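Below is my_file_2.pdb, holding PDB, C-alpha atoms.
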ATOM      1  CA  MET O   1       9.165 -14.960   2.239
ATOM      2  CA  ARG O   2       7.445 -14.232   5.500
ATOM      3  CA  VAL O   3       4.275 -12.136   5.599
ATOM      4  CA  ILE O   4       3.949  -9.756   8.555
ATOM      5  CA  ARG O   5       0.576  -8.427   9.701
ATOM      6  CA  VAL O   6       0.676  -4.676  10.374
ATOM      7  CA  GLU O   7      -1.225  -3.467  13.443
ATOM      8  CA  THR O   8      -2.991  -0.218  12.502
ATOM      9  CA  SER O   9      -5.367   0.403  15.420
ATOM     10  CA  SER O  10      -3.184   3.099  17.039
ATOM     11  CA  ALA O  11      -1.928   4.647  13.778
ATOM     12  CA  THR O  12      -3.110   7.620  11.755
ATOM     13  CA  ILE O  13      -3.023   6.837   8.044
ATOM     14  CA  LEU O  14      -3.457   9.669   5.530
ATOM     15  CA  LEU O  15      -3.922   9.285   1.775
ATOM     16  CA  THR O  16      -1.096  11.060  -0.095
ATOM     17  CA  GLU O  17      -1.647   9.674  -3.615
ATOM     18  CA  ALA O  18      -4.992   8.786  -5.187
ATOM     19  CA  PRO O  19      -5.492   5.177  -6.301
ATOM     20  CA  GLU O  20      -4.084   4.352  -9.717
ATOM     21  CA  PRO O  21      -3.504   1.102 -11.604
ATOM     22  CA  LYS O  22      -0.348  -0.748 -10.608
ATOM     23  CA  VAL O  23       1.800  -1.152 -13.715
ATOM     24  CA  LYS O  24       3.551  -4.517 -14.107
ATOM     25  CA  ASP O  25       5.569  -3.605 -17.205
ATOM     26  CA  ARG O  26       6.366   0.058 -17.860
ATOM     27  CA  GLN O  27       7.352  -0.602 -21.473
ATOM     28  CA  THR O  28       4.061  -2.243 -22.445
ATOM     29  CA  GLY O  29       1.818  -0.547 -19.862
ATOM     30  CA  GLU O  30       0.569  -3.958 -18.691
ATOM     31  CA  ILE O  31      -1.444  -3.682 -15.457
ATOM     32  CA  ALA O  32      -0.487  -5.974 -12.565
ATOM     33  CA  LYS O  33      -2.986  -8.715 -11.698
ATOM     34  CA  ASP O  34      -3.493 -10.753  -8.537
ATOM     35  CA  ALA O  35      -1.809 -14.134  -9.036
ATOM     36  CA  VAL O  36      -4.752 -16.040  -7.531
ATOM     37  CA  SER O  37      -7.891 -14.121  -8.517
ATOM     38  CA  GLY O  38      -6.645 -12.427 -11.694
ATOM     39  CA  GLU O  39      -8.121  -9.135 -10.459
ATOM     40  CA  SER O  40      -6.439  -5.874 -11.482
ATOM     41  CA  LEU O  41      -4.308  -4.291  -8.765
ATOM     42  CA  MET O  42      -4.192  -0.637  -7.723
ATOM     43  CA  LYS O  43      -1.613   1.282  -5.720
ATOM     44  CA  VAL O  44      -2.150   4.102  -3.251
ATOM     45  CA  GLY O  45       0.315   6.308  -1.426
ATOM     46  CA  VAL O  46      -0.154   6.886   2.290
ATOM     47  CA  VAL O  47       1.684   8.370   5.216
ATOM     48  CA  TYR O  48       1.598   6.001   8.192
ATOM     49  CA  ILE O  49       1.949   7.847  11.499
ATOM     50  CA  ASP O  50       2.351   5.969  14.783
ATOM     51  CA  GLU O  51       4.057   6.792  18.079
ATOM     52  CA  GLY O  52       5.428  10.084  16.762
ATOM     53  CA  GLU O  53       7.086   8.557  13.693
ATOM     54  CA  SER O  54       5.884   8.666  10.092
ATOM     55  CA  SER O  55       6.639   6.739   6.918
ATOM     56  CA  LEU O  56       5.530   7.254   3.336
ATOM     57  CA  ILE O  57       4.518   3.910   1.874
ATOM     58  CA  ALA O  58       2.905   2.600  -1.297
ATOM     59  CA  VAL O  59       0.191   0.013  -0.701
ATOM     60  CA  THR O  60      -1.225  -2.416  -3.262
ATOM     61  CA  VAL O  61      -4.968  -3.153  -3.113
ATOM     62  CA  PRO O  62      -7.296  -5.085  -5.406
ATOM     63  CA  GLU O  63      -9.367  -2.867  -7.696
ATOM     64  CA  THR O  64     -12.614  -3.899  -5.955
ATOM     65  CA  GLY O  65     -11.079  -2.849  -2.608
ATOM     66  CA  VAL O  66     -10.877   0.822  -3.639
ATOM     67  CA  THR O  67     -13.954   2.504  -2.178
ATOM     68  CA  ASP O  68     -15.709   5.784  -2.903
ATOM     69  CA  GLY O  69     -15.187   8.792  -0.652
ATOM     70  CA  LEU O  70     -11.374   8.810  -0.634
ATOM     71  CA  THR O  71      -9.794  12.274  -0.397
ATOM     72  CA  VAL O  72      -6.098  13.041  -0.803
ATOM     73  CA  GLY O  73      -4.950  14.364   2.574
ATOM     74  CA  GLY O  74      -7.812  12.629   4.356
ATOM     75  CA  PRO O  75      -7.626   9.715   6.777
ATOM     76  CA  VAL O  76      -7.998   6.168   5.468
ATOM     77  CA  SER O  77      -8.184   2.674   6.865
ATOM     78  CA  LEU O  78      -6.285  -0.261   5.341
ATOM     79  CA  PRO O  79      -8.000  -3.488   6.434
ATOM     80  CA  GLY O  80      -5.813  -6.569   6.297
ATOM     81  CA  LEU O  81      -2.568  -4.601   5.877
ATOM     82  CA  ILE O  82       0.479  -6.855   5.566
ATOM     83  CA  ALA O  83       4.171  -6.255   4.919
ATOM     84  CA  ARG O  84       6.246  -8.653   2.846
ATOM     85  CA  PRO O  85      10.055  -8.285   2.731
ATOM     86  CA  TRP O  86      11.519  -8.845  -0.751
ATOM     87  CA  GLU O  87      14.898  -8.990  -2.435
ATOM     88  CA  SER O  88      16.045  -9.382  -6.027
ATOM     89  CA  VAL O  89      18.949  -8.777  -8.364
ATOM     90  CA  PHE O  90      18.369  -6.275 -11.183
ATOM     91  CA  ASN O  91      21.137  -5.417 -13.669
ATOM     92  CA  GLY O  92      23.648  -7.079 -11.361
ATOM     93  CA  GLN O  93      22.603  -4.977  -8.373
ATOM     94  CA  ALA O  94      21.063  -6.519  -5.255
ATOM     95  CA  ARG O  95      17.872  -4.715  -4.236
ATOM     96  CA  HIS O  96      15.578  -5.199  -1.269
ATOM     97  CA  GLY O  97      12.593  -3.577   0.403
ATOM     98  CA  ILE O  98       9.171  -4.117   1.883
ATOM     99  CA  ALA O  99       5.990  -4.511  -0.167
ATOM    100  CA  TYR O 100       2.706  -3.526   1.497
ATOM    101  CA  ARG O 101      -0.675  -4.951   0.588
ATOM    102  CA  ALA O 102      -4.182  -4.480   2.002
ATOM    103  CA  THR O 103      -7.546  -5.986   1.168
ATOM    104  CA  ALA O 104      -9.052  -2.500   0.745
ATOM    105  CA  VAL O 105      -8.579   1.237   1.199
ATOM    106  CA  VAL O 106     -11.567   2.945   2.797
ATOM    107  CA  PRO O 107     -12.228   6.410   4.233
ATOM    108  CA  GLY O 108     -11.133   6.622   7.866
ATOM    109  CA  VAL O 109     -11.458   9.073  10.719
ATOM    110  CA  PHE O 110      -8.942  11.242  12.524
ATOM    111  CA  PRO O 111      -8.231  10.094  16.103
ATOM    112  CA  ALA O 112      -9.952  12.250  18.731
ATOM    113  CA  GLY O 113      -8.244  15.627  19.042
ATOM    114  CA  GLN O 114      -6.455  15.282  15.692
ATOM    115  CA  GLU O 115      -8.957  16.827  13.275
ATOM    116  CA  SER O 116      -7.406  19.172  10.737
TER
END
Serialized structure, structure tokens:
Amino acid sequence: MRVIRVETSSATILLTEAPEPKVKDRQTGEIAKDAVSGESLMKVGVVYIDEGESSLIAVTVPETGVTDGLTVGGPVSLPGLIARPWESVFNGQARHGIAYRATAVVPGVFPAGQES
């Protein structure tokens, strides 16, 4: 599937869910690992606001990409953010969506005039 780079320079991104391990198998509790590096993966929830529109998205980041200083409700930056469309069949039902991944999640700043 195609990978799409997400331009974030004009967006406001706010952390809505603190980082937590990404679970690969809910029954066993197995944590998802990066297919290449083997590193544990984390997920964070953010609201992505750009040009007057907002979207709640879950973003996967490697465990080493989760930095200190993150505050729920605070601005964050997502370097290397990409979107990857996916589709699958589960229990006979076709499903599809977009998976988001970044190289890190770091504290950000509010754009000028947008401080809370």
- Message: Using only C-alpha atoms, can you tell me which of O:Phe90, O:Ala83, O:Tyr100, O:Val106 comes closest to Val3 in chain O?
- Response: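 Ranking O:Phe90, O:Ala83, O:Tyr100, O:Val106 by distance to Val3 in chain O, first place goes to O:Ala83.
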- Message: Report as an MDAnalysis selection string all protein, DNA and RNA residues lying within 12 Å of Lys33 in chain O, evaluated on only C-alpha atoms, omitting residues in the same chain fewer than 3 positions from it.
- Response: chainID O and resid 21:25 30 36:43 60:63
- Item | Length of the CA of Asp50 in chain O to CA of Thr8 in chain O vector [Å] | 8.5 Å
- Task: Run the PyMOL selection byres ((chain O and resi 67-76) around 10) against the file shown and list the residues it catches, as a PyMOL selection string.
- Result: chain O and resi 12-19+45-48+63-66+77-79+104-111+115-116
How about saving the chosen residues, C-alpha atoms kept, as a tab-separated table (two decimals), keeping the file's coordinate frame?
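New file selection.tsv:
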chain	number	residue	atom	x	y	z
O	12	THR	CA	-3.11	7.62	11.76
O	13	ILE	CA	-3.02	6.84	8.04
O	14	LEU	CA	-3.46	9.67	5.53
O	15	LEU	CA	-3.92	9.28	1.78
O	16	THR	CA	-1.10	11.06	-0.10
O	17	GLU	CA	-1.65	9.67	-3.62
O	18	ALA	CA	-4.99	8.79	-5.19
O	19	PRO	CA	-5.49	5.18	-6.30
O	45	GLY	CA	0.32	6.31	-1.43
O	46	VAL	CA	-0.15	6.89	2.29
O	47	VAL	CA	1.68	8.37	5.22
O	48	TYR	CA	1.60	6.00	8.19
O	63	GLU	CA	-9.37	-2.87	-7.70
O	64	THR	CA	-12.61	-3.90	-5.96
O	65	GLY	CA	-11.08	-2.85	-2.61
O	66	VAL	CA	-10.88	0.82	-3.64
O	77	SER	CA	-8.18	2.67	6.86
O	78	LEU	CA	-6.28	-0.26	5.34
O	79	PRO	CA	-8.00	-3.49	6.43
O	104	ALA	CA	-9.05	-2.50	0.74
O	105	VAL	CA	-8.58	1.24	1.20
O	106	VAL	CA	-11.57	2.94	2.80
O	107	PRO	CA	-12.23	6.41	4.23
O	108	GLY	CA	-11.13	6.62	7.87
O	109	VAL	CA	-11.46	9.07	10.72
O	110	PHE	CA	-8.94	11.24	12.52
O	111	PRO	CA	-8.23	10.09	16.10
O	115	GLU	CA	-8.96	16.83	13.28
O	116	SER	CA	-7.41	19.17	10.74
- Query: Written as a ChimeraX atom specification, what is the full residue list that the PyMOL selection byres ((chain O and resi 51) around 10) yields on the file shown?
  - Reply: /O:10-12,49-50,52-54
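CA of Gly97 in chain O is found 11.6 Å from CA of Ala58 in chain O.
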- Applied to this file, what does the PyMOL selection byres ((chain O and resi 81) around 6) return in terms of residues, put as a PyMOL selection string? chain O and resi 6+78-80+82+101-102
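Our summary of the geometry notes that CA of Arg26 in chain O is positioned 27.4 Å from CA of Arg2 in chain O.
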